[in-house]
>>> print(open('work_7.txt').read())   # compact mmCIF, N, CA and C atoms
# COMPACT_ATOMS: atom_id res chain seq x y z
N MET A 314 79.87 167.82 99.40
CA MET A 314 78.78 167.60 100.34
C MET A 314 79.37 166.95 101.59
N SER A 315 79.00 167.46 102.74
CA SER A 315 79.53 166.92 103.99
C SER A 315 78.82 165.63 104.37
N SER A 316 79.43 164.88 105.27
CA SER A 316 78.82 163.62 105.71
C SER A 316 77.49 163.87 106.43
N MET A 317 77.35 165.02 107.07
CA MET A 317 76.07 165.35 107.73
C MET A 317 74.99 165.61 106.68
N ASP A 318 75.36 166.26 105.56
CA ASP A 318 74.39 166.49 104.48
C ASP A 318 73.94 165.17 103.87
N VAL A 319 74.89 164.28 103.65
CA VAL A 319 74.57 162.96 103.09
C VAL A 319 73.66 162.21 104.05
N GLU A 320 73.98 162.25 105.33
CA GLU A 320 73.16 161.56 106.32
C GLU A 320 71.73 162.11 106.33
N ALA A 321 71.60 163.42 106.24
CA ALA A 321 70.27 164.03 106.22
C ALA A 321 69.50 163.65 104.96
N GLU A 322 70.19 163.67 103.82
CA GLU A 322 69.53 163.31 102.56
C GLU A 322 69.10 161.86 102.56
N VAL A 323 69.96 160.97 103.02
CA VAL A 323 69.61 159.55 103.08
C VAL A 323 68.46 159.34 104.07
N GLY A 324 68.49 160.03 105.19
CA GLY A 324 67.41 159.92 106.17
C GLY A 324 66.07 160.38 105.62
N ALA A 325 66.09 161.40 104.77
CA ALA A 325 64.86 161.92 104.18
C ALA A 325 64.23 160.91 103.22
N LEU A 326 65.02 160.01 102.67
CA LEU A 326 64.48 159.01 101.74
C LEU A 326 63.44 158.12 102.41
N ALA A 327 63.59 157.88 103.70
CA ALA A 327 62.68 156.98 104.42
C ALA A 327 61.24 157.50 104.44
N ARG A 328 61.07 158.80 104.22
CA ARG A 328 59.73 159.38 104.25
C ARG A 328 59.07 159.41 102.88
N LEU A 329 59.76 158.93 101.85
CA LEU A 329 59.23 159.00 100.48
C LEU A 329 58.55 157.71 100.07
N ASP A 330 57.54 157.86 99.23
CA ASP A 330 56.90 156.69 98.63
C ASP A 330 57.66 156.33 97.35
N LEU A 331 57.17 155.33 96.63
CA LEU A 331 57.86 154.84 95.44
C LEU A 331 58.06 155.95 94.40
N GLU A 332 57.02 156.73 94.15
CA GLU A 332 57.13 157.80 93.15
C GLU A 332 58.10 158.88 93.61
N GLY A 333 58.11 159.18 94.90
CA GLY A 333 59.05 160.17 95.42
C GLY A 333 60.49 159.70 95.26
N LEU A 334 60.75 158.41 95.54
CA LEU A 334 62.09 157.86 95.37
C LEU A 334 62.51 157.89 93.90
N ARG A 335 61.57 157.55 93.03
CA ARG A 335 61.88 157.59 91.59
C ARG A 335 62.20 159.01 91.13
N ALA A 336 61.49 159.99 91.68
CA ALA A 336 61.73 161.39 91.31
C ALA A 336 63.14 161.83 91.75
N VAL A 337 63.53 161.44 92.96
CA VAL A 337 64.88 161.78 93.44
C VAL A 337 65.92 161.11 92.56
N TRP A 338 65.70 159.83 92.24
CA TRP A 338 66.65 159.10 91.39
C TRP A 338 66.79 159.80 90.03
N LEU A 339 65.65 160.14 89.44
CA LEU A 339 65.65 160.79 88.13
C LEU A 339 66.43 162.10 88.18
N GLN A 340 66.22 162.87 89.22
CA GLN A 340 66.90 164.16 89.36
C GLN A 340 68.41 163.98 89.52
N ARG A 341 68.82 162.99 90.27
CA ARG A 341 70.25 162.82 90.56
C ARG A 341 71.00 161.96 89.55
N PHE A 342 70.35 160.89 89.07
CA PHE A 342 71.09 159.89 88.29
C PHE A 342 70.48 159.55 86.93
N GLY A 343 69.34 160.10 86.59
CA GLY A 343 68.67 159.74 85.36
C GLY A 343 67.55 158.75 85.63
N PRO A 344 67.09 158.04 84.61
CA PRO A 344 65.96 157.12 84.79
C PRO A 344 66.20 156.10 85.92
N ALA A 345 65.18 155.93 86.74
CA ALA A 345 65.26 155.02 87.89
C ALA A 345 65.11 153.57 87.42
N PRO A 346 65.69 152.62 88.17
CA PRO A 346 65.46 151.21 87.84
C PRO A 346 63.99 150.86 88.00
N ARG A 347 63.56 149.81 87.36
CA ARG A 347 62.14 149.42 87.38
C ARG A 347 61.77 148.63 88.61
N LEU A 348 62.26 149.01 89.74
CA LEU A 348 61.93 148.31 90.98
C LEU A 348 60.55 148.76 91.46
N ARG A 349 59.82 147.84 92.07
CA ARG A 349 58.51 148.18 92.62
C ARG A 349 58.51 148.14 94.14
N SER A 350 59.63 147.81 94.72
CA SER A 350 59.74 147.75 96.17
C SER A 350 60.28 149.08 96.69
N VAL A 351 59.49 149.73 97.53
CA VAL A 351 59.92 150.99 98.13
C VAL A 351 61.20 150.77 98.93
N GLU A 352 61.24 149.68 99.70
CA GLU A 352 62.41 149.40 100.53
C GLU A 352 63.67 149.20 99.68
N LEU A 353 63.56 148.38 98.65
CA LEU A 353 64.73 148.09 97.83
C LEU A 353 65.19 149.32 97.05
N LEU A 354 64.26 150.07 96.47
CA LEU A 354 64.64 151.26 95.73
C LEU A 354 65.27 152.29 96.68
N GLY A 355 64.72 152.41 97.89
CA GLY A 355 65.30 153.32 98.87
C GLY A 355 66.71 152.94 99.26
N LEU A 356 66.95 151.64 99.45
CA LEU A 356 68.30 151.18 99.79
C LEU A 356 69.28 151.43 98.64
N CYS A 357 68.84 151.15 97.41
CA CYS A 357 69.71 151.38 96.25
C CYS A 357 70.03 152.86 96.09
N LEU A 358 69.03 153.69 96.27
CA LEU A 358 69.23 155.13 96.13
C LEU A 358 70.16 155.66 97.23
N ALA A 359 69.96 155.19 98.45
CA ALA A 359 70.84 155.60 99.56
C ALA A 359 72.28 155.20 99.26
N TRP A 360 72.48 153.99 98.77
CA TRP A 360 73.84 153.55 98.45
C TRP A 360 74.45 154.43 97.36
N ARG A 361 73.67 154.71 96.30
CA ARG A 361 74.19 155.53 95.20
C ARG A 361 74.59 156.92 95.69
N ILE A 362 73.76 157.52 96.54
CA ILE A 362 74.07 158.86 97.06
C ILE A 362 75.35 158.81 97.88
N GLN A 363 75.46 157.82 98.76
CA GLN A 363 76.66 157.70 99.58
C GLN A 363 77.89 157.40 98.74
N ALA A 364 77.75 156.52 97.76
CA ALA A 364 78.88 156.16 96.91
C ALA A 364 79.34 157.36 96.08
N GLN A 365 78.39 158.16 95.63
CA GLN A 365 78.73 159.33 94.83
C GLN A 365 79.52 160.35 95.64
N THR A 366 79.18 160.50 96.88
CA THR A 366 79.84 161.53 97.69
C THR A 366 81.04 161.02 98.48
N GLN A 367 81.02 159.74 98.85
CA GLN A 367 82.07 159.21 99.72
C GLN A 367 82.92 158.15 99.03
N GLY A 368 82.61 157.86 97.79
CA GLY A 368 83.36 156.82 97.08
C GLY A 368 82.60 155.52 97.12
N GLY A 369 82.73 154.74 96.07
CA GLY A 369 82.03 153.46 95.98
C GLY A 369 82.87 152.33 96.54
N LEU A 370 82.79 151.20 95.91
CA LEU A 370 83.53 150.03 96.35
C LEU A 370 85.02 150.21 96.07
N ASP A 371 85.83 149.70 96.98
CA ASP A 371 87.27 149.78 96.76
C ASP A 371 87.70 148.77 95.70
N THR A 372 88.90 148.91 95.21
CA THR A 372 89.41 148.08 94.11
C THR A 372 89.39 146.59 94.46
N ASP A 373 89.80 146.22 95.67
CA ASP A 373 89.81 144.80 96.05
C ASP A 373 88.41 144.21 96.04
N THR A 374 87.44 144.96 96.54
CA THR A 374 86.06 144.47 96.56
C THR A 374 85.53 144.31 95.14
N ARG A 375 85.80 145.27 94.28
CA ARG A 375 85.38 145.17 92.88
C ARG A 375 85.99 143.94 92.20
N ARG A 376 87.27 143.70 92.48
CA ARG A 376 87.96 142.56 91.89
C ARG A 376 87.33 141.25 92.39
N THR A 377 87.05 141.18 93.68
CA THR A 377 86.43 139.98 94.26
C THR A 377 85.06 139.73 93.64
N LEU A 378 84.25 140.77 93.51
CA LEU A 378 82.93 140.61 92.91
C LEU A 378 83.01 140.20 91.45
N ALA A 379 83.98 140.71 90.73
CA ALA A 379 84.15 140.35 89.32
C ALA A 379 84.51 138.87 89.17
N ARG A 380 85.23 138.33 90.14
CA ARG A 380 85.63 136.91 90.08
C ARG A 380 84.47 135.97 90.37
N THR A 381 83.44 136.43 91.05
CA THR A 381 82.34 135.54 91.43
C THR A 381 81.47 135.17 90.25
N GLY A 382 81.52 135.94 89.17
CA GLY A 382 80.74 135.64 87.97
C GLY A 382 79.33 136.15 88.08
N PRO A 383 78.54 135.89 87.06
CA PRO A 383 77.17 136.40 87.04
C PRO A 383 76.30 135.72 88.09
N VAL A 384 75.28 136.43 88.51
CA VAL A 384 74.34 135.89 89.48
C VAL A 384 73.39 134.95 88.75
N ARG A 385 73.20 133.77 89.30
CA ARG A 385 72.27 132.80 88.72
C ARG A 385 71.09 132.61 89.65
N MET A 386 69.96 132.29 89.08
CA MET A 386 68.79 132.03 89.90
C MET A 386 69.05 130.83 90.81
N GLU A 387 68.68 130.98 92.06
CA GLU A 387 68.85 129.88 92.99
C GLU A 387 67.96 128.72 92.55
N GLY A 388 68.51 127.56 92.51
CA GLY A 388 67.78 126.37 92.10
C GLY A 388 68.28 125.85 90.76
N LEU A 389 68.81 126.72 89.90
CA LEU A 389 69.31 126.28 88.60
C LEU A 389 70.54 125.40 88.75
N GLU A 390 71.28 125.57 89.85
CA GLU A 390 72.47 124.74 90.05
C GLU A 390 72.11 123.28 90.29
N LEU A 391 70.84 123.00 90.48
CA LEU A 391 70.39 121.62 90.67
C LEU A 391 70.53 120.82 89.38
N GLY A 392 70.53 121.51 88.26
CA GLY A 392 70.67 120.84 86.96
C GLY A 392 69.36 120.78 86.21
N ILE A 393 69.46 121.00 84.93
CA ILE A 393 68.28 120.97 84.07
C ILE A 393 67.69 119.57 84.10
N GLY A 394 66.38 119.53 84.25
CA GLY A 394 65.67 118.26 84.31
C GLY A 394 65.37 117.80 85.73
N THR A 395 65.99 118.44 86.72
CA THR A 395 65.72 118.08 88.11
C THR A 395 64.25 118.35 88.43
N ARG A 396 63.65 117.40 89.14
CA ARG A 396 62.24 117.54 89.53
C ARG A 396 62.16 117.78 91.03
N LEU A 397 61.51 118.87 91.38
CA LEU A 397 61.30 119.21 92.79
C LEU A 397 59.84 118.93 93.11
N THR A 398 59.61 118.14 94.13
CA THR A 398 58.23 117.80 94.49
C THR A 398 57.95 118.20 95.92
N ARG A 399 56.67 118.45 96.17
CA ARG A 399 56.23 118.78 97.51
C ARG A 399 54.75 118.46 97.60
N ASN A 400 54.34 118.04 98.77
CA ASN A 400 52.93 117.84 99.03
C ASN A 400 52.38 119.17 99.51
N TRP A 401 51.41 119.71 98.79
CA TRP A 401 50.84 120.99 99.15
C TRP A 401 49.32 120.86 99.19
N LYS A 402 48.78 121.02 100.39
CA LYS A 402 47.34 120.94 100.61
C LYS A 402 46.77 119.62 100.09
N GLY A 403 47.48 118.53 100.39
CA GLY A 403 47.01 117.20 100.04
C GLY A 403 47.30 116.77 98.62
N LYS A 404 47.96 117.62 97.84
CA LYS A 404 48.27 117.32 96.45
C LYS A 404 49.77 117.35 96.25
N THR A 405 50.29 116.41 95.48
CA THR A 405 51.71 116.42 95.16
C THR A 405 51.91 117.36 93.98
N VAL A 406 52.79 118.35 94.16
CA VAL A 406 53.11 119.28 93.07
C VAL A 406 54.55 119.04 92.66
N GLU A 407 54.83 119.25 91.39
CA GLU A 407 56.17 119.02 90.86
C GLU A 407 56.59 120.18 89.97
N VAL A 408 57.80 120.66 90.21
CA VAL A 408 58.40 121.72 89.39
C VAL A 408 59.64 121.12 88.74
N VAL A 409 59.81 121.39 87.46
CA VAL A 409 60.97 120.88 86.72
C VAL A 409 61.90 122.04 86.40
N VAL A 410 63.19 121.86 86.70
CA VAL A 410 64.20 122.87 86.40
C VAL A 410 64.49 122.81 84.91
N GLU A 411 64.37 123.95 84.24
CA GLU A 411 64.67 124.04 82.81
C GLU A 411 65.75 125.08 82.60
N ASP A 412 66.28 125.17 81.40
CA ASP A 412 67.36 126.11 81.15
C ASP A 412 66.92 127.57 81.25
N ASN A 413 65.63 127.83 81.07
CA ASN A 413 65.15 129.21 81.12
C ASN A 413 64.24 129.49 82.32
N GLY A 414 64.20 128.60 83.28
CA GLY A 414 63.38 128.82 84.46
C GLY A 414 62.87 127.54 85.08
N PHE A 415 61.66 127.59 85.60
CA PHE A 415 61.09 126.48 86.36
C PHE A 415 59.67 126.24 85.86
N ARG A 416 59.39 125.00 85.41
CA ARG A 416 58.10 124.66 84.83
C ARG A 416 57.20 123.98 85.84
N TRP A 417 55.99 124.49 85.93
CA TRP A 417 54.95 123.87 86.76
C TRP A 417 53.62 124.04 86.04
N ASP A 418 52.88 122.97 85.97
CA ASP A 418 51.53 122.99 85.42
C ASP A 418 51.50 123.60 84.01
N GLY A 419 52.53 123.27 83.19
CA GLY A 419 52.58 123.72 81.81
C GLY A 419 53.03 125.16 81.63
N GLN A 420 53.41 125.82 82.71
CA GLN A 420 53.84 127.21 82.64
C GLN A 420 55.28 127.33 83.14
N THR A 421 56.09 128.17 82.51
CA THR A 421 57.47 128.39 82.93
C THR A 421 57.56 129.68 83.71
N PHE A 422 58.20 129.60 84.87
CA PHE A 422 58.37 130.76 85.75
C PHE A 422 59.83 131.17 85.76
N ALA A 423 60.08 132.46 85.88
CA ALA A 423 61.44 132.99 85.84
C ALA A 423 62.25 132.58 87.07
N SER A 424 61.58 132.30 88.17
CA SER A 424 62.30 131.94 89.40
C SER A 424 61.55 130.83 90.12
N LEU A 425 62.26 130.14 90.99
CA LEU A 425 61.64 129.10 91.80
C LEU A 425 60.62 129.72 92.76
N SER A 426 60.92 130.92 93.23
CA SER A 426 59.98 131.61 94.12
C SER A 426 58.69 131.97 93.39
N ALA A 427 58.79 132.36 92.12
CA ALA A 427 57.58 132.67 91.35
C ALA A 427 56.72 131.41 91.18
N ALA A 428 57.36 130.28 90.94
CA ALA A 428 56.62 129.02 90.81
C ALA A 428 55.97 128.65 92.14
N ALA A 429 56.72 128.75 93.22
CA ALA A 429 56.18 128.41 94.55
C ALA A 429 55.02 129.32 94.91
N SER A 430 55.13 130.59 94.58
CA SER A 430 54.06 131.54 94.88
C SER A 430 52.80 131.23 94.07
N ALA A 431 52.97 130.81 92.82
CA ALA A 431 51.82 130.43 92.00
C ALA A 431 51.14 129.19 92.57
N ILE A 432 51.93 128.25 93.02
CA ILE A 432 51.38 127.02 93.60
C ILE A 432 50.61 127.33 94.87
N ALA A 433 51.21 128.13 95.74
CA ALA A 433 50.63 128.40 97.06
C ALA A 433 49.54 129.47 97.03
N GLY A 434 49.59 130.33 96.02
CA GLY A 434 48.62 131.42 95.97
C GLY A 434 48.99 132.58 96.86
N THR A 435 50.19 132.56 97.39
CA THR A 435 50.72 133.63 98.23
C THR A 435 52.23 133.65 98.08
N ARG A 436 52.88 134.74 98.48
CA ARG A 436 54.34 134.84 98.29
C ARG A 436 55.08 133.79 99.10
N TRP A 437 56.01 133.13 98.45
CA TRP A 437 56.85 132.12 99.09
C TRP A 437 58.27 132.25 98.58
N ASN A 438 59.22 131.90 99.41
CA ASN A 438 60.60 131.74 98.98
C ASN A 438 60.67 130.34 98.38
N GLY A 439 61.01 130.25 97.10
CA GLY A 439 61.00 128.96 96.40
C GLY A 439 61.88 127.90 97.01
N PRO A 440 63.17 128.21 97.27
CA PRO A 440 64.03 127.19 97.89
C PRO A 440 63.49 126.71 99.24
N ARG A 441 62.91 127.61 100.01
CA ARG A 441 62.35 127.19 101.31
C ARG A 441 61.10 126.35 101.10
N PHE A 442 60.26 126.73 100.14
CA PHE A 442 59.02 126.01 99.85
C PHE A 442 59.31 124.55 99.50
N PHE A 443 60.39 124.34 98.73
CA PHE A 443 60.74 122.98 98.32
C PHE A 443 61.75 122.30 99.23
N GLY A 444 62.04 122.87 100.38
CA GLY A 444 62.92 122.24 101.35
C GLY A 444 64.40 122.29 100.99
N LEU A 445 64.78 123.22 100.13
CA LEU A 445 66.19 123.34 99.76
C LEU A 445 66.96 124.21 100.74
N ARG A 446 66.27 124.84 101.64
CA ARG A 446 66.88 125.75 102.59
C ARG A 446 66.19 125.58 103.94
N GLU A 447 66.97 125.70 104.98
CA GLU A 447 66.39 125.60 106.34
C GLU A 447 65.50 126.81 106.62
N ALA A 448 64.43 126.59 107.33
CA ALA A 448 63.56 127.70 107.74
C ALA A 448 64.27 128.51 108.82
N ARG A 449 64.02 129.82 108.81
CA ARG A 449 64.59 130.69 109.86
C ARG A 449 63.84 130.46 111.16
N ARG A 450 64.57 130.58 112.23
CA ARG A 450 63.92 130.40 113.54
C ARG A 450 63.87 131.69 114.29
>>> encode(input="work_7.txt", output="structure tokens")
Amino acid sequence: MSSMDVEAEVGALARLDLEGLRAVWLQRFGPAPRLRSVELLGLCLAWRIQAQTQGGLDTDTRRTLARTGPVRMEGLELGIGTRLTRNWKGKTVEVVVEDNGFRWDGQTFASLSAAASAIAGTRWNGPRFFGLREARR
């Protein structure tokens, strides 16, 4: 497949909805990942198509990524038992870091962002919600 064909195929992905992207993935690579984000699935599919035709990561990059170790949820490096507090709408809320996630109000969440979103009632970046990261300007 020429680079122009790959470019055209990747460009066509932008016009597909989630089910269309899943159908292309299924046809080319087998069962699609369980992603629900059109943008993320489109990016993953575009990368796979390009990697299949033009080659994937080079050996040095693969080696570097292998040395970094597994990806951990942001916030777990704070240590189990760490308490994150924030004043939200006049109420002090507290999330406790546990070995399997983040506990708030008797419920354990898989990520700090999931806990922050439950607290706020809308999507939030957990580290930003608790002041662990600077806000973008």
>>> atom_distance(input="work_7.txt", atom1="CA of Gly419 in chain A", atom2="CA of Arg446 in chain A")
25.3 Å
>>> residues_around(input="work_7.txt", residues="Gly439 in chain A", least_positions_apart="2", cutoff="5 Å", atoms="only N, CA and C atoms", output="mmCIF file with N, CA and C atoms, in the frame of the given file")
data_model
loop_
_atom_site.group_PDB
_atom_site.id
_atom_site.type_symbol
_atom_site.label_atom_id
_atom_site.label_comp_id
_atom_site.auth_asym_id
_atom_site.auth_seq_id
_atom_site.Cartn_x
_atom_site.Cartn_y
_atom_site.Cartn_z
ATOM 1 N N LEU A 425 62.260 130.140 90.990
ATOM 2 C CA LEU A 425 61.640 129.100 91.800
ATOM 3 C C LEU A 425 60.620 129.720 92.760
ATOM 4 N N SER A 426 60.920 130.920 93.230
ATOM 5 C CA SER A 426 59.980 131.610 94.120
ATOM 6 C C SER A 426 58.690 131.970 93.390
ATOM 7 N N TRP A 437 56.010 133.130 98.450
ATOM 8 C CA TRP A 437 56.850 132.120 99.090
ATOM 9 C C TRP A 437 58.270 132.250 98.580
ATOM 10 N N ARG A 441 62.910 127.610 100.010
ATOM 11 C CA ARG A 441 62.350 127.190 101.310
ATOM 12 C C ARG A 441 61.100 126.350 101.100
ATOM 13 N N PHE A 442 60.260 126.730 100.140
ATOM 14 C CA PHE A 442 59.020 126.010 99.850
ATOM 15 C C PHE A 442 59.310 124.550 99.500
ATOM 16 N N PHE A 443 60.390 124.340 98.730
ATOM 17 C CA PHE A 443 60.740 122.980 98.320
ATOM 18 C C PHE A 443 61.750 122.300 99.230
#
>>> atom_distance(input="work_7.txt", atom1="CA of Ala345 in chain A", atom2="CA of Leu358 in chain A")
9.1 Å
>>> closest_residue(input="work_7.txt", among="A:Leu331, A:Ala336, A:Leu370, A:Leu391", to="Leu348 in chain A", atoms="only C-alpha atoms")
A:Leu331
>>> atom_distance(input="work_7.txt", atom1="CA of Asn400 in chain A", atom2="CA of Trp417 in chain A")
13.8 Å
>>> closest_atom_pairs(input="work_7.txt", of="range 351-398 of chain A", to="range 408-413 of chain A", cutoff="8 Å", atoms="all atoms listed in the file", output="Markdown table")
| residue | atom | partner | partner_atom | distance |
| --- | --- | --- | --- | --- |
| A:Gly388 | C | A:Val410 | CA | 6.7 |
| A:Leu389 | CA | A:Val410 | CA | 6.5 |
| A:Leu391 | C | A:Val410 | CA | 7.3 |
| A:Gly392 | C | A:Val410 | C | 5.4 |
| A:Ile393 | CA | A:Val410 | C | 4.3 |
| A:Gly394 | N | A:Val410 | C | 3.8 |
| A:Thr395 | C | A:Val410 | N | 4.1 |
| A:Arg396 | CA | A:Val408 | C | 4.5 |
| A:Leu397 | N | A:Val408 | C | 3.9 |
| A:Thr398 | N | A:Val408 | N | 5.0 |
>>> select_by_dssp(input="work_7.txt", residues="chain A", states="helix (DSSP H, G or I)", output="VMD selection string")
chain A and resid 316 to 326 331 to 342 351 to 367 372 to 381 389 to 391 425 to 433 439 to 442
>>> select_by_dssp(input="work_7.txt", residues="chain A", states="strand (DSSP E)", output="mmCIF file with N, CA and C atoms, keeping the file's coordinate frame")
data_model
loop_
_atom_site.group_PDB
_atom_site.id
_atom_site.type_symbol
_atom_site.label_atom_id
_atom_site.label_comp_id
_atom_site.auth_asym_id
_atom_site.auth_seq_id
_atom_site.Cartn_x
_atom_site.Cartn_y
_atom_site.Cartn_z
ATOM 1 N N ARG A 396 63.650 117.400 89.140
ATOM 2 C CA ARG A 396 62.240 117.540 89.530
ATOM 3 C C ARG A 396 62.160 117.780 91.030
ATOM 4 N N LEU A 397 61.510 118.870 91.380
ATOM 5 C CA LEU A 397 61.300 119.210 92.790
ATOM 6 C C LEU A 397 59.840 118.930 93.110
ATOM 7 N N THR A 398 59.610 118.140 94.130
ATOM 8 C CA THR A 398 58.230 117.800 94.490
ATOM 9 C C THR A 398 57.950 118.200 95.920
ATOM 10 N N ARG A 399 56.670 118.450 96.170
ATOM 11 C CA ARG A 399 56.230 118.780 97.510
ATOM 12 C C ARG A 399 54.750 118.460 97.600
ATOM 13 N N ASN A 400 54.340 118.040 98.770
ATOM 14 C CA ASN A 400 52.930 117.840 99.030
ATOM 15 C C ASN A 400 52.380 119.170 99.510
ATOM 16 N N TRP A 401 51.410 119.710 98.790
ATOM 17 C CA TRP A 401 50.840 120.990 99.150
ATOM 18 C C TRP A 401 49.320 120.860 99.190
ATOM 19 N N LYS A 404 47.960 117.620 97.840
ATOM 20 C CA LYS A 404 48.270 117.320 96.450
ATOM 21 C C LYS A 404 49.770 117.350 96.250
ATOM 22 N N THR A 405 50.290 116.410 95.480
ATOM 23 C CA THR A 405 51.710 116.420 95.160
ATOM 24 C C THR A 405 51.910 117.360 93.980
ATOM 25 N N VAL A 406 52.790 118.350 94.160
ATOM 26 C CA VAL A 406 53.110 119.280 93.070
ATOM 27 C C VAL A 406 54.550 119.040 92.660
ATOM 28 N N GLU A 407 54.830 119.250 91.390
ATOM 29 C CA GLU A 407 56.170 119.020 90.860
ATOM 30 C C GLU A 407 56.590 120.180 89.970
ATOM 31 N N VAL A 408 57.800 120.660 90.210
ATOM 32 C CA VAL A 408 58.400 121.720 89.390
ATOM 33 C C VAL A 408 59.640 121.120 88.740
ATOM 34 N N VAL A 409 59.810 121.390 87.460
ATOM 35 C CA VAL A 409 60.970 120.880 86.720
ATOM 36 C C VAL A 409 61.900 122.040 86.400
ATOM 37 N N VAL A 410 63.190 121.860 86.700
ATOM 38 C CA VAL A 410 64.200 122.870 86.400
ATOM 39 C C VAL A 410 64.490 122.810 84.910
ATOM 40 N N GLU A 411 64.370 123.950 84.240
ATOM 41 C CA GLU A 411 64.670 124.040 82.810
ATOM 42 C C GLU A 411 65.750 125.080 82.600
ATOM 43 N N GLY A 414 64.200 128.600 83.280
ATOM 44 C CA GLY A 414 63.380 128.820 84.460
ATOM 45 C C GLY A 414 62.870 127.540 85.080
ATOM 46 N N PHE A 415 61.660 127.590 85.600
ATOM 47 C CA PHE A 415 61.090 126.480 86.360
ATOM 48 C C PHE A 415 59.670 126.240 85.860
ATOM 49 N N ARG A 416 59.390 125.000 85.410
ATOM 50 C CA ARG A 416 58.100 124.660 84.830
ATOM 51 C C ARG A 416 57.200 123.980 85.840
ATOM 52 N N TRP A 417 55.990 124.490 85.930
ATOM 53 C CA TRP A 417 54.950 123.870 86.760
ATOM 54 C C TRP A 417 53.620 124.040 86.040
ATOM 55 N N GLN A 420 53.410 125.820 82.710
ATOM 56 C CA GLN A 420 53.840 127.210 82.640
ATOM 57 C C GLN A 420 55.280 127.330 83.140
ATOM 58 N N THR A 421 56.090 128.170 82.510
ATOM 59 C CA THR A 421 57.470 128.390 82.930
ATOM 60 C C THR A 421 57.560 129.680 83.710
ATOM 61 N N PHE A 422 58.200 129.600 84.870
ATOM 62 C CA PHE A 422 58.370 130.760 85.750
ATOM 63 C C PHE A 422 59.830 131.170 85.760
#
>>> closest_residue(input="work_7.txt", among="A:Arg399, A:Asp371, A:Gln420, A:Glu322", to="Ala359 in chain A", atoms="all atoms listed in the file")
A:Glu322
>>> build_atoms(input="work_7.txt", residues="range 413-425 of chain A", atoms="N, CA, C and O atoms", output="compact mmCIF listing (two decimals), in the coordinates of the input")
# COMPACT_ATOMS: atom_id res chain seq x y z
N ASN A 413 65.63 127.83 81.07
CA ASN A 413 65.15 129.21 81.12
C ASN A 413 64.24 129.49 82.32
O ASN A 413 63.56 130.50 82.34
N GLY A 414 64.20 128.60 83.28
CA GLY A 414 63.38 128.82 84.46
C GLY A 414 62.87 127.54 85.08
O GLY A 414 63.54 126.50 85.03
N PHE A 415 61.66 127.59 85.60
CA PHE A 415 61.09 126.48 86.36
C PHE A 415 59.67 126.24 85.86
O PHE A 415 58.83 127.13 85.87
N ARG A 416 59.39 125.00 85.41
CA ARG A 416 58.10 124.66 84.83
C ARG A 416 57.20 123.98 85.84
O ARG A 416 57.60 123.03 86.52
N TRP A 417 55.99 124.49 85.93
CA TRP A 417 54.95 123.87 86.76
C TRP A 417 53.62 124.04 86.04
O TRP A 417 53.30 125.12 85.53
N ASP A 418 52.88 122.97 85.97
CA ASP A 418 51.53 122.99 85.42
C ASP A 418 51.50 123.60 84.01
O ASP A 418 50.63 124.39 83.68
N GLY A 419 52.53 123.27 83.19
CA GLY A 419 52.58 123.72 81.81
C GLY A 419 53.03 125.16 81.63
O GLY A 419 53.04 125.67 80.52
N GLN A 420 53.41 125.82 82.71
CA GLN A 420 53.84 127.21 82.64
C GLN A 420 55.28 127.33 83.14
O GLN A 420 55.66 126.65 84.09
N THR A 421 56.09 128.17 82.51
CA THR A 421 57.47 128.39 82.93
C THR A 421 57.56 129.68 83.71
O THR A 421 57.07 130.72 83.27
N PHE A 422 58.20 129.60 84.87
CA PHE A 422 58.37 130.76 85.75
C PHE A 422 59.83 131.17 85.76
O PHE A 422 60.72 130.32 85.70
N ALA A 423 60.08 132.46 85.88
CA ALA A 423 61.44 132.99 85.84
C ALA A 423 62.25 132.58 87.07
O ALA A 423 63.47 132.54 87.02
N SER A 424 61.58 132.30 88.17
CA SER A 424 62.30 131.94 89.40
C SER A 424 61.55 130.83 90.12
O SER A 424 60.34 130.64 89.93
N LEU A 425 62.26 130.14 90.99
CA LEU A 425 61.64 129.10 91.80
C LEU A 425 60.62 129.72 92.76
O LEU A 425 59.57 129.14 93.03
